[in-house]
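Enquirer: My structure is in start-v9.cif, and what it holds is mmCIF, C-alpha atoms:
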```cif
data_my_file
#
loop_
_atom_site.label_atom_id
_atom_site.label_comp_id
_atom_site.auth_asym_id
_atom_site.auth_seq_id
_atom_site.Cartn_x
_atom_site.Cartn_y
_atom_site.Cartn_z
CA GLY A 81 -23.01 -3.96 7.00
CA GLU A 82 -21.16 -2.53 3.97
CA ASN A 83 -18.33 -0.65 5.66
CA VAL A 84 -14.69 -1.61 5.90
CA GLU A 85 -12.68 -0.19 8.80
CA GLN A 86 -8.99 0.25 8.08
CA HIS A 87 -6.21 0.92 10.61
CA PRO A 88 -3.94 2.69 11.08
CA SER A 89 -4.63 5.77 8.98
CA THR A 90 -0.92 6.62 8.92
CA LEU A 91 2.09 4.39 9.46
CA SER A 92 5.73 5.36 9.53
CA VAL A 93 8.44 2.70 9.48
CA GLN A 94 12.18 2.55 9.02
CA GLU A 95 13.47 1.10 5.78
CA GLY A 96 13.89 -2.64 6.19
CA ASP A 97 11.24 -2.96 8.89
CA SER A 98 7.87 -4.66 8.38
CA ALA A 99 4.53 -2.90 8.01
CA VAL A 100 1.10 -4.30 8.83
CA ILE A 101 -2.25 -2.78 7.90
CA LYS A 102 -5.49 -4.28 9.18
CA CYS A 103 -9.07 -4.13 7.93
CA THR A 104 -12.24 -5.33 9.59
CA TYR A 105 -15.71 -5.81 8.16
CA SER A 106 -19.14 -7.03 9.27
CA ASP A 107 -20.78 -8.47 6.13
CA SER A 108 -20.37 -12.25 6.38
CA ALA A 109 -21.30 -12.65 2.69
CA SER A 110 -18.08 -10.98 1.51
CA ASN A 111 -15.65 -13.40 -0.08
CA TYR A 112 -13.19 -11.28 -2.06
CA PHE A 113 -10.64 -8.94 -0.48
CA PRO A 114 -8.28 -6.88 -2.67
CA TRP A 115 -5.56 -4.43 -1.71
CA TYR A 116 -4.75 -1.40 -3.84
CA LYS A 117 -1.70 0.86 -3.72
CA GLN A 118 -1.87 4.52 -4.71
CA GLU A 119 1.33 6.47 -5.10
CA LEU A 120 1.19 10.23 -4.73
CA GLY A 121 -0.69 11.79 -7.64
CA LYS A 122 -1.19 8.44 -9.34
CA ARG A 123 -4.09 6.06 -9.86
CA PRO A 124 -4.80 3.11 -7.52
CA GLN A 125 -3.36 -0.23 -8.65
CA LEU A 126 -4.08 -3.73 -7.42
CA ILE A 127 -1.15 -5.29 -5.57
CA ILE A 128 -2.68 -8.45 -4.13
CA ASP A 129 -6.06 -10.01 -3.46
CA ILE A 130 -7.43 -13.00 -1.57
CA ARG A 131 -10.59 -15.04 -1.74
CA SER A 132 -12.30 -16.54 1.25
CA ASN A 133 -11.33 -20.13 0.44
CA VAL A 134 -7.73 -19.41 1.46
CA GLY A 135 -6.25 -17.97 4.65
CA GLU A 136 -3.03 -16.49 3.31
CA LYS A 137 -1.48 -15.45 0.03
CA LYS A 138 2.05 -14.24 -0.63
CA ASP A 139 3.74 -12.41 -3.48
CA GLN A 140 7.41 -11.70 -2.82
CA ARG A 141 7.55 -9.12 -0.01
CA ILE A 142 3.81 -8.69 0.39
CA ALA A 143 1.31 -11.06 1.94
CA VAL A 144 -2.34 -10.93 2.89
CA THR A 145 -3.95 -12.95 5.67
CA LEU A 146 -7.67 -13.50 6.12
CA ASN A 147 -9.58 -14.56 9.22
CA LYS A 148 -13.13 -15.03 7.99
CA THR A 149 -14.44 -16.07 11.39
CA ALA A 150 -13.20 -12.88 13.02
CA LYS A 151 -13.95 -10.86 9.86
CA HIS A 152 -10.58 -9.23 9.49
CA PHE A 153 -7.79 -9.30 6.94
CA SER A 154 -4.34 -7.77 6.94
CA LEU A 155 -1.63 -6.66 4.53
CA HIS A 156 1.94 -7.46 5.50
CA ILE A 157 4.93 -5.83 3.81
CA THR A 158 8.35 -7.14 4.79
CA GLU A 159 11.75 -5.51 4.22
CA THR A 160 10.11 -2.21 3.39
CA GLN A 161 11.74 0.07 0.84
CA PRO A 162 11.24 3.80 0.13
CA GLU A 163 9.26 2.93 -3.00
CA ASP A 164 6.68 1.23 -0.77
CA SER A 165 5.68 4.70 0.44
CA ALA A 166 2.10 5.22 -0.74
CA VAL A 167 -1.53 5.05 0.37
CA TYR A 168 -2.88 1.52 0.66
CA PHE A 169 -6.61 0.69 0.43
CA CYS A 170 -8.27 -2.54 1.45
CA GLY A 171 -11.52 -3.56 -0.19
CA LYS A 172 -14.23 -6.18 -0.05
CA ASN A 173 -17.01 -7.19 -2.37
CA ALA A 174 -20.64 -6.31 -1.66
CA GLY A 175 -22.92 -7.57 -4.40
CA ASN A 176 -21.59 -6.18 -7.67
CA MET A 177 -19.58 -3.50 -5.89
CA LEU A 178 -16.31 -3.17 -4.06
CA THR A 179 -16.27 -1.07 -0.91
CA PHE A 180 -12.98 0.35 0.31
CA GLY A 181 -11.46 1.27 3.61
CA GLY A 182 -10.39 4.84 4.31
CA GLY A 183 -6.76 4.17 3.39
CA THR A 184 -3.41 3.97 5.19
CA ARG A 185 -0.61 6.36 4.35
CA LEU A 186 2.63 4.39 4.66
CA MET A 187 5.87 6.32 4.93
CA VAL A 188 9.13 4.40 4.72
CA LYS A 189 12.03 6.41 6.09
CA PRO A 190 15.43 5.69 4.54
CA ASN B 264 -3.64 -0.14 -25.56
CA ALA B 265 -4.46 3.10 -23.75
CA GLY B 266 -6.21 1.25 -20.90
CA VAL B 267 -8.64 3.52 -19.06
CA THR B 268 -8.68 7.19 -19.98
CA GLN B 269 -10.60 10.10 -18.50
CA THR B 270 -11.41 13.55 -19.78
CA PRO B 271 -11.00 16.22 -18.65
CA LYS B 272 -8.05 16.02 -16.23
CA PHE B 273 -9.00 19.20 -14.38
CA ARG B 274 -12.11 21.36 -14.23
CA VAL B 275 -13.34 24.29 -12.20
CA LEU B 276 -17.08 24.88 -12.03
CA LYS B 277 -19.30 27.44 -10.40
CA THR B 278 -22.13 26.29 -8.17
CA GLY B 279 -25.12 25.32 -10.27
CA GLN B 280 -23.19 24.60 -13.47
CA SER B 281 -23.37 21.23 -15.15
CA MET B 282 -20.72 19.05 -16.71
CA THR B 283 -20.03 15.55 -17.97
CA LEU B 284 -16.95 13.46 -17.24
CA LEU B 285 -16.02 10.89 -19.87
CA CYS B 286 -14.40 7.54 -19.17
CA ALA B 287 -13.22 5.29 -21.98
CA GLN B 288 -11.62 1.83 -21.91
CA ASP B 289 -10.20 -0.23 -24.73
CA MET B 290 -9.91 -3.56 -22.90
CA ASN B 291 -13.42 -4.84 -23.75
CA HIS B 292 -14.35 -4.85 -20.06
CA GLU B 293 -17.93 -5.47 -19.03
CA TYR B 294 -17.86 -3.69 -15.67
CA MET B 295 -17.24 0.03 -15.27
CA TYR B 296 -17.29 2.19 -12.15
CA TRP B 297 -17.18 5.82 -11.03
CA TYR B 298 -15.57 6.64 -7.68
CA ARG B 299 -14.87 9.83 -5.84
CA GLN B 300 -11.86 10.26 -3.59
CA ASP B 301 -11.84 12.77 -0.76
CA PRO B 302 -9.05 13.22 1.80
CA GLY B 303 -9.32 10.61 4.56
CA MET B 304 -12.42 9.05 2.97
CA GLY B 305 -10.89 6.51 0.67
CA LEU B 306 -12.65 5.61 -2.56
CA ARG B 307 -16.43 5.78 -2.55
CA LEU B 308 -18.47 4.29 -5.36
CA ILE B 309 -20.90 6.68 -7.04
CA HIS B 310 -22.45 4.53 -9.80
CA TYR B 311 -21.44 1.47 -11.73
CA SER B 312 -22.40 -0.57 -14.77
CA VAL B 313 -22.28 -4.32 -15.35
CA GLY B 314 -22.66 -4.04 -19.10
CA GLU B 315 -23.69 -1.84 -22.03
CA GLY B 316 -27.04 -0.20 -21.38
CA THR B 317 -27.03 -0.92 -17.63
CA THR B 318 -26.34 1.34 -14.66
CA ALA B 319 -26.75 0.98 -10.90
CA LYS B 320 -26.33 3.14 -7.82
CA GLY B 321 -23.31 2.87 -5.58
CA GLU B 322 -22.68 4.21 -2.09
CA VAL B 323 -22.98 7.94 -2.86
CA PRO B 324 -25.16 8.41 -5.98
CA ASP B 325 -27.03 11.61 -5.05
CA GLY B 326 -26.35 14.55 -7.35
CA TYR B 327 -24.88 12.39 -10.13
CA ASN B 328 -26.22 10.57 -13.17
CA VAL B 329 -24.51 8.10 -15.49
CA SER B 330 -24.99 6.52 -18.87
CA ARG B 331 -23.40 3.51 -20.61
CA LEU B 332 -24.63 3.75 -24.19
CA LYS B 333 -21.50 2.08 -25.57
CA LYS B 334 -19.55 -0.73 -23.93
CA GLN B 335 -16.30 1.22 -23.99
CA ASN B 336 -17.66 4.48 -22.52
CA PHE B 337 -19.12 5.42 -19.15
CA LEU B 338 -20.28 9.00 -18.62
CA LEU B 339 -20.73 10.73 -15.27
CA GLY B 340 -22.94 13.81 -15.19
CA LEU B 341 -23.36 16.56 -12.64
CA GLU B 342 -26.57 18.44 -13.39
CA SER B 343 -26.18 21.21 -10.82
CA ALA B 344 -22.74 21.22 -9.24
CA ALA B 345 -22.32 21.92 -5.52
CA PRO B 346 -19.16 22.69 -3.50
CA SER B 347 -19.60 19.31 -1.75
CA GLN B 348 -18.85 17.68 -5.11
CA THR B 349 -15.31 19.06 -5.11
CA SER B 350 -13.24 15.89 -5.30
CA VAL B 351 -11.01 13.72 -7.42
CA TYR B 352 -13.06 11.40 -9.61
CA PHE B 353 -11.73 8.04 -10.75
CA CYS B 354 -13.20 5.76 -13.34
CA ALA B 355 -12.36 2.05 -13.33
CA SER B 356 -13.17 -1.03 -15.38
CA SER B 357 -12.83 -4.79 -14.95
CA TYR B 358 -13.58 -8.13 -16.56
CA SER B 359 -16.46 -10.15 -15.25
CA TRP B 360 -15.97 -13.88 -14.79
CA GLY B 361 -19.56 -14.41 -13.75
CA PRO B 362 -21.49 -12.29 -11.24
CA GLY B 363 -19.62 -10.09 -8.80
CA PRO B 364 -16.58 -7.79 -8.85
CA TYR B 365 -13.95 -10.53 -8.41
CA ASN B 366 -11.35 -9.22 -10.74
CA GLU B 367 -8.76 -6.47 -10.85
CA GLN B 368 -10.16 -3.01 -11.40
CA PHE B 369 -8.08 -0.87 -13.74
CA PHE B 370 -8.30 2.78 -12.83
CA GLY B 371 -8.10 5.86 -15.00
CA PRO B 372 -5.77 8.78 -14.15
CA GLY B 373 -8.47 10.77 -12.36
CA THR B 374 -10.26 14.09 -12.85
CA ARG B 375 -9.74 16.85 -10.31
CA LEU B 376 -12.96 18.85 -10.01
CA THR B 377 -13.34 22.02 -8.00
CA VAL B 378 -16.75 23.60 -7.48
CA LEU B 379 -16.67 27.20 -6.29
#
```
Once you've parsed the file, please lay out its structure as structure tokens.

Expert:
Amino acid sequence: GENVEQHPSTLSVQEGDSAVIKCTYSDSASNYFPWYKQELGKRPQLIIDIRSNVGEKKDQRIAVTLNKTAKHFSLHITETQPEDSAVYFCGKNAGNMLTFGGGTRLMVKP
Amino acid sequence: NAGVTQTPKFRVLKTGQSMTLLCAQDMNHEYMYWYRQDPGMGLRLIHYSVGEGTTAKGEVPDGYNVSRLKKQNFLLGLESAAPSQTSVYFCASSYSWGPGPYNEQFFGPGTRLTVL
């Protein structure tokens, strides 16, 4: 019950289009869901997170939605730009740990 | 502030050799973590610590040991390196506002380890 499934593994969009990445989990005790962005050759950095007492959170062009009943959460990026190209990881808490999905490589074509 | 630093940045080992990776943070964080990152596998937690003098196993602890003798340092040891341990290793740290990893993890720059 600790795994996080993340889809798709790769995503290619045209600049200006939207991108959506989805994660599913099975541990009903999880209540914290962060998203990290990792640019090529760089370290992962937190871009947004959500706790289970809210269903949606937005920060400029990025938003995260959470459906705790269905046990899935999604990252939405609108008006994509070339600098959004990176690998994105979803995560969830499990005790004192975070477990991460396998990552999505997003490519934004100019 | 330097944030989270890791040494070394790169290392090549032969099978059976040992080494220690050092992680240091200057943010007075309680929680520290060691992850490995393999292609297509995301970030997998090796070991973590919730405070000075404590350590705990993560998802993939076999073949690794850790120590947290000082709050600012978290050491990852490989006693007898194997080719399967070829990976990029990331250290991270975070505040703790009570139990659980509910706060941003700040990652180090990574260590690229190759075991021949």

Enquirer: At a cut-off of 10 Å, using all atoms listed in the file, what residues contact Met177 of chain A? Leave out same-chain residues fewer than 2 positions from it and give the result as a ChimeraX atom specification.

Expert: /A:171-175,179-180 /B:294,296,308,310-313,319-322,363-365

Enquirer: Between atom CA of Phe273 of chain B and atom CA of Gly183 of chain A, what distance in Å does the model show, to one decimal?

Expert: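 Those two atoms sit 23.4 Å apart.
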
Enquirer: Might you pull out every residue within 10 Å of Gly303 of chain B, with all atoms listed in the file counted and same-chain residues fewer than 4 positions away left off, and present them as a list in words?

Expert: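 So the residues in contact are Ser89, Gly181, Gly182, Gly183, Thr184 and Arg185 of chain A.
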
Enquirer: Taking the file as I've supplied it (selection: the PyMOL selection byres ((chain B) within 12 of (chain A))), which residues are included? Please answer as a ChimeraX atom specification.

Expert: /B:267-269,293-314,318-323,351-357,359-375

Enquirer: Is there a way to get, as a PyMOL selection string, all residues within 10 Å of the point (-15.2, -5.9, -25.6) in file coordinates, counting only C-alpha atoms?

Expert: chain B and resi 288-293+334-335+358

Enquirer: Kindly export the residues of the current selection with C-alpha atoms, as a short mmCIF file (atom, residue, chain, number, x, y, z; two decimals), in the frame of the given file.

Expert:
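Result file selection_33.cif:
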```
data_model
loop_
_atom_site.label_atom_id
_atom_site.label_comp_id
_atom_site.auth_asym_id
_atom_site.auth_seq_id
_atom_site.Cartn_x
_atom_site.Cartn_y
_atom_site.Cartn_z
CA GLN B 288 -11.62 1.83 -21.91
CA ASP B 289 -10.20 -0.23 -24.73
CA MET B 290 -9.91 -3.56 -22.90
CA ASN B 291 -13.42 -4.84 -23.75
CA HIS B 292 -14.35 -4.85 -20.06
CA GLU B 293 -17.93 -5.47 -19.03
CA LYS B 334 -19.55 -0.73 -23.93
CA GLN B 335 -16.30 1.22 -23.99
CA TYR B 358 -13.58 -8.13 -16.56
#
```

Enquirer: Assuming the chain letters and numbering stay as they are in my file, what does the PyMOL selection byres ((chain A and resi 160-164) around 10) actually select? List them as a list of chain:residue names.

Expert: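 Against this file, the PyMOL selection byres ((chain A and resi 160-164) around 10) returns the residues A:Val93, A:Gln94, A:Glu95, A:Gly96, A:Asp97, A:Ser98, A:Ala99, A:Lys117, A:Gln118, A:Glu119, A:Arg141, A:Ile142, A:His156, A:Ile157, A:Thr158, A:Glu159, A:Ser165, A:Ala166, A:Val167, A:Tyr168, A:Leu186, A:Met187, A:Val188, A:Lys189, A:Pro190.
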
Enquirer: Output the selection as a compact mmCIF listing (two decimals), in the frame of the given file - C-alpha atoms for each residue.

Expert:
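Final output, part_33.txt:
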```txt
# COMPACT_ATOMS: atom_id res chain seq x y z
CA VAL A 93 8.44 2.70 9.48
CA GLN A 94 12.18 2.55 9.02
CA GLU A 95 13.47 1.10 5.78
CA GLY A 96 13.89 -2.64 6.19
CA ASP A 97 11.24 -2.96 8.89
CA SER A 98 7.87 -4.66 8.38
CA ALA A 99 4.53 -2.90 8.01
CA LYS A 117 -1.70 0.86 -3.72
CA GLN A 118 -1.87 4.52 -4.71
CA GLU A 119 1.33 6.47 -5.10
CA ARG A 141 7.55 -9.12 -0.01
CA ILE A 142 3.81 -8.69 0.39
CA HIS A 156 1.94 -7.46 5.50
CA ILE A 157 4.93 -5.83 3.81
CA THR A 158 8.35 -7.14 4.79
CA GLU A 159 11.75 -5.51 4.22
CA SER A 165 5.68 4.70 0.44
CA ALA A 166 2.10 5.22 -0.74
CA VAL A 167 -1.53 5.05 0.37
CA TYR A 168 -2.88 1.52 0.66
CA LEU A 186 2.63 4.39 4.66
CA MET A 187 5.87 6.32 4.93
CA VAL A 188 9.13 4.40 4.72
CA LYS A 189 12.03 6.41 6.09
CA PRO A 190 15.43 5.69 4.54
```

Enquirer: Which residues are close to segment 342-350 of chain B, i.e. within 8 Å by all atoms listed in the file, leaving aside same-chain residues fewer than 5 positions away? Reply as a PyMOL selection string.

Expert: chain B and resi 276-282+299-301+326-328+375-379

Enquirer: Please, what distance in Å, to one decimal, runs between atom CA of Val84 of chain A and atom CA of Asp139 of chain A?

Expert: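 Atom-to-atom, atom CA of Val84 of chain A and atom CA of Asp139 of chain A are spaced 23.3 Å apart.
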
Enquirer: By how many Å are atom CA of Gly135 of chain A and atom CA of Ser110 of chain A apart?

Expert: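 Distance reported for this atom pair: 14.1 Å.
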
Enquirer: Under the rule that all atoms listed in the file are counted, which of A:Leu91, A:Ala109, A:Cys103, A:Leu120 is the nearest residue to Asn147 of chain A?

Expert: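 Between A:Leu91, A:Ala109, A:Cys103, A:Leu120, the residue approaching Asn147 of chain A most closely is A:Cys103.
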
Enquirer: Report as AutoDock Vina command-line options the centre and the edge lengths, in Å to one decimal, of the axis-aligned box holding every listed atom of segment 335-352 of chain B, padded by 6 Å on each side.

Expert:
```
--center_x -18.8 --center_y 12.0 --center_z -12.9 --size_x 27.6 --size_y 33.5 --size_z 34.2
```
